[in-house]
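Just target_12.tsv here, TSV, C-alpha atoms:
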chain	number	residue	atom	x	y	z
D	1	MET	CA	118.80	102.10	103.83
D	2	ASN	CA	116.32	99.36	102.95
D	3	GLU	CA	115.06	99.00	106.49
D	4	SER	CA	111.65	98.44	107.99
D	5	VAL	CA	110.34	97.89	111.48
D	6	PRO	CA	108.39	94.63	112.04
D	7	LEU	CA	104.68	95.05	111.55
D	8	ALA	CA	101.91	94.15	113.94
D	9	ALA	CA	101.07	90.50	114.36
D	10	PRO	CA	98.67	89.19	111.67
D	11	ASP	CA	95.03	89.10	112.69
D	12	ASN	CA	93.77	85.73	111.48
D	13	SER	CA	90.17	86.74	112.12
D	14	MET	CA	90.37	88.91	109.00
D	15	GLN	CA	90.11	85.78	106.88
D	16	THR	CA	86.54	85.19	108.04
D	17	LEU	CA	85.21	88.64	107.17
D	18	ALA	CA	83.08	89.38	104.14
D	19	ALA	CA	84.89	90.33	100.94
D	20	VAL	CA	85.84	94.00	100.67
D	21	ARG	CA	85.30	95.73	97.33
D	22	ARG	CA	85.48	99.36	98.45
D	23	PHE	CA	87.63	101.10	101.07
D	24	THR	CA	88.84	104.56	102.05
D	25	VAL	CA	92.42	105.85	101.85
D	26	LEU	CA	93.88	108.83	103.73
D	27	THR	CA	97.32	110.40	103.28
D	28	VAL	CA	98.78	112.97	105.67
D	29	ASN	CA	102.19	114.48	106.33
D	30	THR	CA	102.15	114.53	110.14
D	31	HIS	CA	105.01	117.05	110.46
D	32	LYS	CA	106.33	114.82	113.29
D	33	GLY	CA	103.27	115.65	115.38
D	34	PHE	CA	103.79	119.42	115.43
D	35	THR	CA	101.83	122.35	114.04
D	36	ALA	CA	103.32	124.51	111.30
D	37	LEU	CA	106.59	126.16	112.41
D	38	ASN	CA	106.75	123.60	115.26
D	39	ARG	CA	104.81	125.88	117.61
D	40	ARG	CA	102.83	123.16	119.39
D	41	PHE	CA	102.94	119.38	119.78
D	42	ILE	CA	99.49	118.19	118.74
D	43	LEU	CA	99.82	114.46	118.00
D	44	PRO	CA	96.89	113.52	120.33
D	45	GLU	CA	94.61	115.96	118.48
D	46	LEU	CA	95.88	114.65	115.16
D	47	ARG	CA	95.04	111.09	116.23
D	48	GLU	CA	91.44	112.08	116.96
D	49	ALA	CA	91.16	113.79	113.57
D	50	VAL	CA	92.58	110.76	111.75
D	51	ARG	CA	90.15	108.49	113.61
D	52	SER	CA	87.22	110.69	112.55
D	53	VAL	CA	87.82	109.94	108.85
D	54	SER	CA	87.31	106.19	109.39
D	55	ALA	CA	89.88	105.44	106.70
D	56	ASP	CA	90.80	101.80	106.14
D	57	VAL	CA	94.37	102.54	105.01
D	58	VAL	CA	96.38	105.56	106.21
D	59	PHE	CA	99.60	106.73	104.54
D	60	LEU	CA	101.79	108.76	106.92
D	61	GLN	CA	104.87	110.85	106.16
D	62	GLU	CA	107.27	112.51	108.62
D	63	VAL	CA	106.35	110.31	111.55
D	64	HIS	CA	108.75	109.68	114.45
D	65	GLY	CA	109.81	106.18	115.32
D	66	ALA	CA	111.76	107.41	118.32
D	67	HIS	CA	113.18	110.60	119.82
D	68	GLU	CA	115.39	110.80	122.91
D	69	HIS	CA	114.75	114.41	123.95
D	70	HIS	CA	111.13	115.18	123.09
D	71	PRO	CA	109.57	113.05	125.88
D	72	ARG	CA	111.28	115.32	128.42
D	73	ARG	CA	110.04	118.47	126.68
D	74	TYR	CA	106.40	117.54	126.04
D	75	SER	CA	104.24	115.99	128.76
D	76	ASN	CA	101.85	114.47	126.20
D	77	TRP	CA	104.57	112.73	124.17
D	78	PRO	CA	103.49	109.08	123.72
D	79	GLU	CA	105.47	106.24	125.28
D	80	MET	CA	105.28	104.29	122.01
D	81	PRO	CA	106.38	105.18	118.45
D	82	GLN	CA	104.19	107.83	116.85
D	83	TYR	CA	102.85	105.48	114.17
D	84	GLU	CA	101.79	102.97	116.83
D	85	PHE	CA	100.14	105.74	118.87
D	86	LEU	CA	98.22	106.88	115.78
D	87	ALA	CA	97.21	103.30	114.94
D	88	ASP	CA	95.65	102.94	118.40
D	89	THR	CA	92.92	100.27	118.34
D	90	LEU	CA	91.48	101.11	114.91
D	91	TRP	CA	94.34	99.88	112.70
D	92	PRO	CA	95.61	96.50	113.94
D	93	GLN	CA	98.26	96.38	111.23
D	94	PHE	CA	101.05	98.92	110.73
D	95	ALA	CA	104.46	99.15	109.12
D	96	TYR	CA	107.21	101.74	109.46
D	97	GLY	CA	110.19	102.56	107.29
D	98	ARG	CA	113.04	104.59	108.80
D	99	ASN	CA	114.28	107.23	106.38
D	100	ALA	CA	116.25	109.62	108.58
D	101	VAL	CA	118.34	108.40	111.52
D	102	TYR	CA	120.17	110.83	113.80
D	103	PRO	CA	121.65	110.78	117.33
D	104	ALA	CA	118.36	111.75	119.01
D	105	GLY	CA	116.07	109.42	117.06
D	106	ASP	CA	114.55	108.70	113.66
D	107	HIS	CA	111.60	109.46	111.42
D	108	GLY	CA	110.16	108.14	108.20
D	109	ASN	CA	107.01	106.88	106.51
D	110	ALA	CA	104.37	104.60	107.99
D	111	LEU	CA	101.25	102.79	106.86
D	112	LEU	CA	98.28	101.94	109.07
D	113	SER	CA	95.85	99.31	107.82
D	114	LYS	CA	92.63	97.59	108.85
D	115	PHE	CA	93.67	94.86	106.40
D	116	GLN	CA	96.48	92.38	106.83
D	117	ILE	CA	99.93	93.58	105.76
D	118	ILE	CA	101.55	90.41	104.45
D	119	GLN	CA	104.80	91.98	103.26
D	120	HIS	CA	106.59	95.30	103.47
D	121	ASP	CA	109.86	96.84	102.36
D	122	ASN	CA	111.42	100.29	102.71
D	123	LEU	CA	113.22	101.34	99.54
D	124	ASP	CA	115.95	103.92	100.14
D	125	VAL	CA	115.68	106.65	97.48
D	126	SER	CA	117.98	109.16	99.19
D	127	ILE	CA	120.34	111.17	97.02
D	128	SER	CA	123.84	110.88	98.47
D	129	GLY	CA	124.74	113.75	100.78
D	130	HIS	CA	121.25	115.22	100.89
D	131	GLU	CA	117.82	114.51	102.46
D	132	ASN	CA	117.03	110.97	103.54
D	133	ARG	CA	113.94	109.75	101.69
D	134	GLY	CA	112.20	106.42	101.24
D	135	LEU	CA	109.33	104.55	99.62
D	136	LEU	CA	107.49	102.25	102.05
D	137	HIS	CA	106.02	99.43	99.95
D	138	CYS	CA	103.37	97.28	101.65
D	139	VAL	CA	101.34	94.40	100.26
D	140	LEU	CA	97.80	94.21	101.66
D	141	ARG	CA	95.53	91.18	101.80
D	142	LEU	CA	91.89	92.23	101.86
D	143	PRO	CA	89.19	89.88	103.16
D	144	GLY	CA	87.74	87.67	100.45
D	145	GLU	CA	89.29	86.15	97.37
D	146	GLY	CA	90.30	89.38	95.64
D	147	PRO	CA	93.80	90.33	94.53
D	148	GLN	CA	96.49	91.63	96.86
D	149	VAL	CA	96.81	95.42	96.88
D	150	HIS	CA	100.20	97.15	96.71
D	151	ALA	CA	100.36	100.34	98.81
D	152	ILE	CA	103.43	102.57	98.45
D	153	CYS	CA	103.88	105.51	100.83
D	154	VAL	CA	106.02	108.27	99.32
D	155	HIS	CA	107.97	111.27	100.58
D	156	LEU	CA	110.16	112.83	97.89
D	157	GLY	CA	112.91	115.44	98.07
D	158	LEU	CA	112.72	119.21	97.88
D	159	ARG	CA	114.95	119.57	94.80
D	160	GLU	CA	113.48	118.80	91.40
D	161	THR	CA	116.55	116.89	90.22
D	162	HIS	CA	116.28	114.68	93.31
D	163	ARG	CA	112.55	114.13	92.79
D	164	ASN	CA	113.11	113.13	89.16
D	165	ALA	CA	115.67	110.54	90.22
D	166	GLN	CA	113.38	109.29	92.99
D	167	LEU	CA	110.43	109.05	90.60
D	168	LYS	CA	112.57	106.89	88.31
D	169	LEU	CA	113.26	104.57	91.25
D	170	LEU	CA	109.53	104.46	91.96
D	171	ALA	CA	108.88	103.61	88.30
D	172	GLN	CA	111.41	100.78	88.52
D	173	ARG	CA	109.63	99.36	91.54
D	174	LEU	CA	106.27	99.59	89.72
D	175	ASP	CA	107.73	97.82	86.70
D	176	GLU	CA	108.66	94.91	88.96
D	177	LEU	CA	105.02	94.36	89.96
D	178	PRO	CA	102.55	92.25	87.96
D	179	GLY	CA	100.88	94.40	85.32
D	180	ASP	CA	97.39	93.60	86.62
D	181	ALA	CA	98.18	94.17	90.31
D	182	PRO	CA	96.10	96.88	92.07
D	183	VAL	CA	98.42	99.68	93.20
D	184	ILE	CA	98.01	102.81	95.36
D	185	VAL	CA	100.87	105.31	95.60
D	186	ALA	CA	100.24	108.18	98.00
D	187	GLY	CA	102.09	110.76	100.01
D	188	ASP	CA	104.06	113.99	99.90
D	189	PHE	CA	105.63	114.36	96.45
D	190	ASN	CA	106.84	117.95	97.00
D	191	ASP	CA	105.97	118.32	93.32
D	192	TRP	CA	105.05	122.00	93.25
D	193	ARG	CA	105.94	122.22	89.54
D	194	GLN	CA	103.51	119.36	88.73
D	195	ARG	CA	105.94	117.18	86.80
D	196	ALA	CA	105.20	113.83	88.45
D	197	ASP	CA	102.02	113.02	86.50
D	198	ALA	CA	103.82	112.96	83.15
D	199	LEU	CA	106.72	110.93	84.56
D	200	LEU	CA	104.42	108.32	86.13
D	201	LYS	CA	101.84	108.05	83.34
D	202	PRO	CA	103.93	105.45	81.41
D	203	CYS	CA	103.70	103.26	84.55
D	204	GLY	CA	99.91	103.26	84.27
D	205	LEU	CA	99.35	105.48	87.32
D	206	ARG	CA	96.44	107.93	87.41
D	207	GLU	CA	96.25	110.74	89.95
D	208	VAL	CA	92.78	110.71	91.50
D	209	PHE	CA	92.31	114.51	91.83
D	210	ALA	CA	93.64	115.15	88.33
D	211	GLU	CA	91.28	112.48	87.00
D	212	HIS	CA	88.24	114.04	88.71
D	213	HIS	CA	89.10	117.76	88.75
D	214	GLY	CA	91.73	118.24	86.05
D	215	LYS	CA	94.64	118.97	88.42
D	216	PRO	CA	96.20	117.56	91.60
D	217	ALA	CA	94.80	118.97	94.83
D	218	ARG	CA	96.10	122.08	96.55
D	219	SER	CA	97.43	120.85	99.90
D	220	PHE	CA	100.12	123.25	101.17
D	221	PRO	CA	100.22	125.25	103.36
D	222	ALA	CA	97.34	123.71	105.28
D	223	ARG	CA	95.73	126.98	106.42
D	224	LEU	CA	95.51	128.38	102.89
D	225	PRO	CA	96.42	125.63	100.42
D	226	ALA	CA	98.10	126.97	97.30
D	227	LEU	CA	100.71	124.39	96.22
D	228	ARG	CA	99.85	120.95	94.86
D	229	LEU	CA	102.37	118.85	96.80
D	230	ASP	CA	100.47	115.75	97.93
D	231	ARG	CA	99.11	113.05	95.62
D	232	ILE	CA	97.16	109.81	95.46
D	233	TYR	CA	97.85	107.67	92.39
D	234	ILE	CA	96.14	104.41	91.48
D	235	ARG	CA	96.57	101.60	88.95
D	236	ASN	CA	94.02	98.88	88.16
D	237	LEU	CA	91.58	100.48	90.60
D	238	LYS	CA	88.69	102.95	90.54
D	239	ALA	CA	88.45	106.09	92.66
D	240	CYS	CA	85.56	108.26	93.76
D	241	ARG	CA	84.94	111.25	96.02
D	242	PRO	CA	88.49	112.58	96.39
D	243	GLN	CA	88.61	115.23	99.12
D	244	VAL	CA	91.05	117.78	100.50
D	245	LEU	CA	90.67	118.03	104.28
D	246	ALA	CA	91.57	121.70	104.64
D	247	SER	CA	89.04	123.00	107.18
D	248	ARG	CA	89.34	122.84	110.96
D	249	PRO	CA	90.68	120.93	112.73
D	250	TRP	CA	92.97	119.82	109.91
D	251	SER	CA	94.14	123.31	109.02
D	252	HIS	CA	95.71	123.61	112.48
D	253	LEU	CA	97.18	120.11	112.83
D	254	SER	CA	100.01	120.06	110.27
D	255	ASP	CA	101.56	122.16	107.54
D	256	HIS	CA	99.95	119.88	104.89
D	257	ALA	CA	96.23	119.34	104.32
D	258	PRO	CA	95.42	115.60	104.20
D	259	LEU	CA	93.85	113.97	101.15
D	260	SER	CA	91.27	111.18	101.14
D	261	VAL	CA	89.55	109.09	98.49
D	262	GLU	CA	87.31	106.03	98.20
D	263	ILE	CA	88.89	103.15	96.29
D	264	GLU	CA	86.99	100.42	94.49
D	265	LEU	CA	88.47	97.12	93.31
Re-express the file's structure as structure tokens.
Amino acid sequence: MNESVPLAAPDNSMQTLAAVRRFTVLTVNTHKGFTALNRRFILPELREAVRSVSADVVFLQEVHGAHEHHPRRYSNWPEMPQYEFLADTLWPQFAYGRNAVYPAGDHGNALLSKFQIIQHDNLDVSISGHENRGLLHCVLRLPGEGPQVHAICVHLGLRETHRNAQLKLLAQRLDELPGDAPVIVAGDFNDWRQRADALLKPCGLREVFAEHHGKPARSFPARLPALRLDRIYIRNLKACRPQVLASRPWSHLSDHAPLSVEIEL
């Protein structure tokens, strides 16, 4: 389903700000606002942790757009969609792509941005009869006269054959973009066998942790990260100070440890 929810109204005041050459990116699988094994609903605590990073662009996976039953079960369930609750007042722009729709509600990927989102599209990469997955592709306009930045939020399947097919669809989308366009691809790749780097290298993507430390980051499970599931890839950009946020409070807020990095145009 190539479906997206309308984004926040453009903030015209952004056009008067000084040019931005460096900004921070954060990616986190929110686990629908629950701790590992769904023991507690902790979305308010997660929002405070996300705010503490002061990221300019936040890639979110497994975020609820709506749920019919949870508001009756949890007194602190927000009245608005989870991505809007997380955006709060810090990220005036946000976009959401529904991946999974069911009788009680829906969930998918979202992107929060301090920069204007001028376009967004949710590419359905689901494999028929299996998990619903999508690639949320947003185009960001940063203050100043610099190029537009393409930000693609990813959540791939659990089966390797599905991931390979989904990575090919991602590669097709990248091939459609101008060769000199700045690109960030981040999210939960579920790539525990570490095959994605080789498949995406022909597209010009570089994984920021592999570039700095030789391998993608360990991000799962959050309390004792062992598997390298989450990634941040870039093209036509520079990266510095990639970090795995695996200590408290992050280790108790999701089943994935978030990743952050500073990006330079």
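CA of Arg235 (chain D) is positioned 25.2 Å from CA of Thr161 (chain D).
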Closest of D:Leu37, D:Pro202, D:Leu90, D:Phe59 to Leu259 (chain D) - atom-to-atom distances counting only C-alpha atoms: D:Phe59
Extract, using only C-alpha atoms, all DNA, RNA and protein residues at most 9 Å from Gly157 (chain D), discarding same-chain residues fewer than 4 positions from it, and format them as an MDAnalysis selection string. chainID D and resid 126:127 130:133 161:163 166 189:191
Using only C-alpha atoms, which protein or nucleic acid residues come within 10 Å of Ala49 (chain D)? Drop anything in the same chain fewer than 6 positions from it, and give the result as number ranges by chain. D: 43, 248-250, 253
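CA of Phe94 (chain D) is positioned 9.5 Å from CA of Phe115 (chain D).
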Residues within 12 Å of (118.0, 108.5, 110.1), file coords, all atoms listed in the file, listed as number ranges by chain: D: 1-3, 62-67, 97-109, 124, 126, 130-134
Can you measure CA of Ser113 (chain D) to CA of Gln93 (chain D) for me? One decimal in Å is fine. 5.1 Å
Region 35-45 of chain D: axis-aligned bounding box, 6 Å on each side, centre and edge lengths in Å, one decimal, as lines of an AutoDock Vina configuration file:
center_x = 100.7
center_y = 119.8
center_z = 115.8
size_x = 24.1
size_y = 24.6
size_z = 21.0
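Excluding region 210-212 of chain D itself and same-chain residues fewer than 2 positions from it, the residues having an atom within 10 Å of it are Asp197, Arg206, Glu207, Val208, Gly214, Lys215, Pro216, Ala217, Arg231, Ile232, Tyr233, Ala239, Cys240, Arg241 and Pro242 of chain D, counting all atoms listed in the file.
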Restricting the output to C-alpha atoms, write the selected residues as a PDB file, keeping the file's coordinate frame.
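Contents of part_19.pdb, freshly written:
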ATOM      1  CA  ASP D 197     102.020 113.020  86.500  1.00  0.00           C
ATOM      2  CA  ARG D 206      96.440 107.930  87.410  1.00  0.00           C
ATOM      3  CA  GLU D 207      96.250 110.740  89.950  1.00  0.00           C
ATOM      4  CA  VAL D 208      92.780 110.710  91.500  1.00  0.00           C
ATOM      5  CA  GLY D 214      91.730 118.240  86.050  1.00  0.00           C
ATOM      6  CA  LYS D 215      94.640 118.970  88.420  1.00  0.00           C
ATOM      7  CA  PRO D 216      96.200 117.560  91.600  1.00  0.00           C
ATOM      8  CA  ALA D 217      94.800 118.970  94.830  1.00  0.00           C
ATOM      9  CA  ARG D 231      99.110 113.050  95.620  1.00  0.00           C
ATOM     10  CA  ILE D 232      97.160 109.810  95.460  1.00  0.00           C
ATOM     11  CA  TYR D 233      97.850 107.670  92.390  1.00  0.00           C
ATOM     12  CA  ALA D 239      88.450 106.090  92.660  1.00  0.00           C
ATOM     13  CA  CYS D 240      85.560 108.260  93.760  1.00  0.00           C
ATOM     14  CA  ARG D 241      84.940 111.250  96.020  1.00  0.00           C
ATOM     15  CA  PRO D 242      88.490 112.580  96.390  1.00  0.00           C
TER      16      PRO D 242
END
Can you complete the atoms of region 82-110 of chain D to N, CA and C atoms and list them as a tab-separated table (two decimals), in the coordinates of the input?
chain	number	residue	atom	x	y	z
D	82	GLN	N	105.34	107.03	117.28
D	82	GLN	CA	104.19	107.83	116.85
D	82	GLN	C	103.23	107.05	115.96
D	83	TYR	N	103.75	106.21	115.07
D	83	TYR	CA	102.85	105.48	114.17
D	83	TYR	C	102.00	104.48	114.95
D	84	GLU	N	102.57	103.90	116.01
D	84	GLU	CA	101.79	102.97	116.83
D	84	GLU	C	100.75	103.72	117.65
D	85	PHE	N	101.10	104.91	118.14
D	85	PHE	CA	100.14	105.74	118.87
D	85	PHE	C	98.99	106.14	117.97
D	86	LEU	N	99.28	106.50	116.72
D	86	LEU	CA	98.22	106.88	115.78
D	86	LEU	C	97.36	105.68	115.41
D	87	ALA	N	97.97	104.51	115.29
D	87	ALA	CA	97.21	103.30	114.94
D	87	ALA	C	96.18	102.98	116.01
D	88	ASP	N	96.56	103.15	117.28
D	88	ASP	CA	95.65	102.94	118.40
D	88	ASP	C	94.96	101.59	118.26
D	89	THR	N	93.65	101.54	118.45
D	89	THR	CA	92.92	100.27	118.34
D	89	THR	C	92.20	100.12	117.01
D	90	LEU	N	92.25	101.15	116.16
D	90	LEU	CA	91.48	101.11	114.91
D	90	LEU	C	92.22	100.39	113.79
D	91	TRP	N	93.55	100.48	113.78
D	91	TRP	CA	94.34	99.88	112.70
D	91	TRP	C	95.25	98.82	113.32
D	92	PRO	N	94.82	97.56	113.29
D	92	PRO	CA	95.61	96.50	113.94
D	92	PRO	C	96.92	96.18	113.22
D	93	GLN	N	97.05	96.65	112.00
D	93	GLN	CA	98.26	96.38	111.23
D	93	GLN	C	98.97	97.70	110.93
D	94	PHE	N	100.28	97.71	111.07
D	94	PHE	CA	101.05	98.92	110.73
D	94	PHE	C	102.46	98.52	110.35
D	95	ALA	N	103.07	99.35	109.53
D	95	ALA	CA	104.46	99.15	109.12
D	95	ALA	C	105.15	100.50	109.11
D	96	TYR	N	106.43	100.51	109.37
D	96	TYR	CA	107.21	101.74	109.46
D	96	TYR	C	108.53	101.56	108.73
D	97	GLY	N	108.91	102.56	107.96
D	97	GLY	CA	110.19	102.56	107.29
D	97	GLY	C	111.02	103.75	107.73
D	98	ARG	N	112.15	103.50	108.40
D	98	ARG	CA	113.04	104.59	108.80
D	98	ARG	C	113.69	105.20	107.57
D	99	ASN	N	113.58	106.52	107.46
D	99	ASN	CA	114.28	107.23	106.38
D	99	ASN	C	115.45	108.03	106.92
D	100	ALA	N	115.21	108.77	107.99
D	100	ALA	CA	116.25	109.62	108.58
D	100	ALA	C	116.59	109.11	109.98
D	101	VAL	N	117.87	108.85	110.22
D	101	VAL	CA	118.34	108.40	111.52
D	101	VAL	C	119.39	109.38	112.00
D	102	TYR	N	119.26	109.84	113.25
D	102	TYR	CA	120.17	110.83	113.80
D	102	TYR	C	120.38	110.50	115.28
D	103	PRO	N	121.34	111.16	115.95
D	103	PRO	CA	121.65	110.78	117.33
D	103	PRO	C	120.45	110.76	118.27
D	104	ALA	N	119.50	111.68	118.09
D	104	ALA	CA	118.36	111.75	119.01
D	104	ALA	C	117.23	110.80	118.66
D	105	GLY	N	117.18	110.29	117.43
D	105	GLY	CA	116.07	109.42	117.06
D	105	GLY	C	115.99	109.16	115.58
D	106	ASP	N	114.76	108.99	115.08
D	106	ASP	CA	114.55	108.70	113.66
D	106	ASP	C	113.14	109.08	113.26
D	107	HIS	N	112.94	109.27	111.95
D	107	HIS	CA	111.60	109.46	111.42
D	107	HIS	C	111.54	108.89	110.01
D	108	GLY	N	110.32	108.71	109.53
D	108	GLY	CA	110.16	108.14	108.20
D	108	GLY	C	108.70	108.08	107.80
D	109	ASN	N	108.37	107.11	106.97
D	109	ASN	CA	107.01	106.88	106.51
D	109	ASN	C	106.39	105.72	107.27
D	110	ALA	N	105.06	105.72	107.35
D	110	ALA	CA	104.37	104.60	107.99
D	110	ALA	C	103.05	104.35	107.26
